[in-house]
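The structure appears right after this line, and notes come after that.
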Amino acid sequence: MEKIPVGILGATGMVGQNYLRLLENHPWFEVTFLCASPHSAGKTYEAAVERRWHMPTPIPKRESQLYVYSIDQISKALEKCQFVFSAIDTDVAKEYEEQYAAAGLPVVSNAGYHRQTPDVPVLIPEINASHLSILPSQQQKRGWEKGFIVTKPNCSIQSYMIPLAALHEKFQLKKILVTTMQAVSGAGYPGVPSWDIYENVVPYIAKEEEKTENEPLKIFGSIVDNEIIPTPDVRISAHCNRVPVLDGHLACVSVEFATPPSREEILSIWNAYTPITQTLELPSAPEKTILYREELNRPQPRLDRDAGKGMAITVGRLRPCNLLDFRFVALSHNTLRGAAGGGILNAELLFTQRYLT
Ligand code: NAP
């Protein structure tokens, strides 16, 4: 099969670098267009990331020699690729994502700007693949012929949304109390100053609690009159903390259901969980999406973040809660499942559903 040419907006940043690393040898997609800020534009990729390549593997050889364009060179993007991954900051996304979509390029975004736009899906393929059906009306409303925007949610919610969604249909979630312990890589590079985070915990991440409380409601929402209406049935309270961990966001979750299940029912649903990403055999889907660890001291970021090549969710410590029904701990890799890996999984789903051809 001929590979689909793809571009990366913000290719030089932490998420952009992960895209390049993960897309090396991807069976369906091939990177052909890179862009970043004026600071990096006009150089080869290798020169643009000199002394700031943070990945554990070398820069992919072919891509190291690609030219880095300025993000406003949209006509070049149109010449060189069929859709783009967006790994730029929210204020830059505000300016450019719609311009790319209007020019005819689908945008698979990691940025937060469009997550609350009513006709833009916030996609976790395992949960709300059905929200893609809003794309034709998104295009029609804006007069876009081929372009559209799909976002992925904030990295803080990836760990516990899938285990909860697996239970939602049968037992209906009512209340969720979540405390996240979020890795420093979630803040990009150089991110949190070492002076602030070394030997410390920072109990505040700007706008993170609002995202953690609102995005899941849209993901569980329904399409009414061409808009995604957040579910009114679930309430969430979040505490988000930055902790001195490099990669891997951990979440301690308490949950109340409309019809409380037993512990055995929860475990049996998690163990049998076979989402659309597995049935479609998407290349980036882990073999098993939810891994339940019986050990009392798991999951842990250092030991469990790379499970399923960083795309699996590791869960543990499921036990009754004194206030709500159950509590558990969940972990996911924030720059893989929570960022570039999640974006690629979204694009793989879009491709199988014929939105990228
Ligand atoms: P980052 O390391 O700061 O990288 C930002 C990228 O955007 C760089 O390539 C930068 O180019 C480019 N950029 C900055 N200003 C620009 C401008 N005016 N025009 C064009 N390009 C510009 O940030 P990151 O951690 O990769 O995050 C990128 C996005 O993903 C953000 O929206 C973030 O919220 C989201 N996200 C991050 C994570 C995570 O775990 N890190 C997880 C989920 C979502 P230069 O190198 O040339 O400056």
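Here's how to read the names in the structure tokens: chain A, B, ... by the order shown, residue numbers from 1 in each chain, ligand numbers from 1 in the order shown.
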
TODO: Collect all residues with atoms no farther than 6 Å from ligand 1, counting only C-alpha atoms and all ligand atoms, and output them as a PyMOL selection string.
DONE: chain A and resi 10-16+36-37+39-40+71+87-90+92+110-112+154-155+185-189+334-335+338-339

Select from region 109-182 of chain A every residue with an atom at most 8 Å from any atom of region 304-325 of chain A, then for each give the shortest pair of atoms and their distance in Å to one decimal, using only C-alpha atoms, rows by chain and rising number, as JSON lines.
{"residue": "A:Ser159", "atom": "CA", "partner": "A:Ile313", "partner_atom": "CA", "distance": 5.8}
{"residue": "A:Tyr160", "atom": "CA", "partner": "A:Ile313", "partner_atom": "CA", "distance": 7.9}
{"residue": "A:Ile162", "atom": "CA", "partner": "A:Ile313", "partner_atom": "CA", "distance": 7.8}
{"residue": "A:Pro163", "atom": "CA", "partner": "A:Val315", "partner_atom": "CA", "distance": 8.0}
{"residue": "A:Lys175", "atom": "CA", "partner": "A:Leu324", "partner_atom": "CA", "distance": 7.9}

Open item on the list: What's around Ile149 (chain A) at 9 Å? Count only C-alpha atoms, leave out sequence neighbours fewer than 4 positions away in its own chain, and write the answer as an MDAnalysis selection string.
Closed with: chainID A and resid 97:98 101 105:109 114 120:121 135 138

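As for CA of Lys3 (chain A) and CA of Ile127 (chain A), they are spaced 27.1 Å apart.
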
Long-range neighbours of Pro136 (chain A) as a JSON list (two decimals) with N, CA and C atoms, in the first residue's frame, 12 Å cut-off, only C-alpha atoms, 6 positions minimum in chain:
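Output saved as part_21.json:
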[["chain", "number", "residue", "atom", "x", "y", "z"],
["A", 119, "ASP", "N", -18.87, 21.40, 17.60],
["A", 119, "ASP", "CA", -18.91, 20.38, 16.54],
["A", 119, "ASP", "C", -17.52, 19.80, 16.24],
["A", 120, "VAL", "N", -16.60, 19.95, 17.19],
["A", 120, "VAL", "CA", -15.27, 19.32, 17.04],
["A", 120, "VAL", "C", -15.18, 18.16, 18.03],
["A", 121, "PRO", "N", -15.03, 16.93, 17.52],
["A", 121, "PRO", "CA", -14.94, 15.80, 18.45],
["A", 121, "PRO", "C", -13.66, 15.85, 19.28],
["A", 142, "ARG", "N", -18.91, 25.30, 7.75],
["A", 142, "ARG", "CA", -17.81, 26.26, 7.51],
["A", 142, "ARG", "C", -17.42, 26.38, 6.03],
["A", 143, "GLY", "N", -18.07, 25.62, 5.18],
["A", 143, "GLY", "CA", -17.73, 25.65, 3.77],
["A", 143, "GLY", "C", -16.39, 25.00, 3.46],
["A", 144, "TRP", "N", -15.96, 24.05, 4.32],
["A", 144, "TRP", "CA", -14.70, 23.34, 4.08],
["A", 144, "TRP", "C", -15.01, 22.11, 3.23],
["A", 145, "GLU", "N", -14.21, 21.90, 2.19],
["A", 145, "GLU", "CA", -14.49, 20.75, 1.33],
["A", 145, "GLU", "C", -13.87, 19.47, 1.84],
["A", 146, "LYS", "N", -12.56, 19.52, 2.11],
["A", 146, "LYS", "CA", -11.88, 18.28, 2.53],
["A", 146, "LYS", "C", -11.36, 18.36, 3.96],
["A", 147, "GLY", "N", -11.09, 19.59, 4.42],
["A", 147, "GLY", "CA", -10.49, 19.73, 5.74],
["A", 147, "GLY", "C", -11.51, 19.59, 6.86],
["A", 148, "PHE", "N", -11.04, 19.25, 8.05],
["A", 148, "PHE", "CA", -11.86, 19.22, 9.27],
["A", 148, "PHE", "C", -10.90, 19.23, 10.45],
["A", 149, "ILE", "N", -11.44, 19.36, 11.66],
["A", 149, "ILE", "CA", -10.59, 19.33, 12.87],
["A", 149, "ILE", "C", -11.13, 18.27, 13.84],
["A", 226, "ASN", "N", -26.43, 18.57, 15.27],
["A", 226, "ASN", "CA", -25.07, 18.83, 14.77],
["A", 226, "ASN", "C", -24.12, 19.47, 15.80],
["A", 227, "GLU", "N", -24.41, 19.26, 17.08],
["A", 227, "GLU", "CA", -23.47, 19.69, 18.12],
["A", 227, "GLU", "C", -23.30, 18.56, 19.12],
["A", 355, "TYR", "N", -12.11, 8.83, 6.36],
["A", 355, "TYR", "CA", -12.14, 10.28, 6.44],
["A", 355, "TYR", "C", -10.86, 10.91, 5.90]]
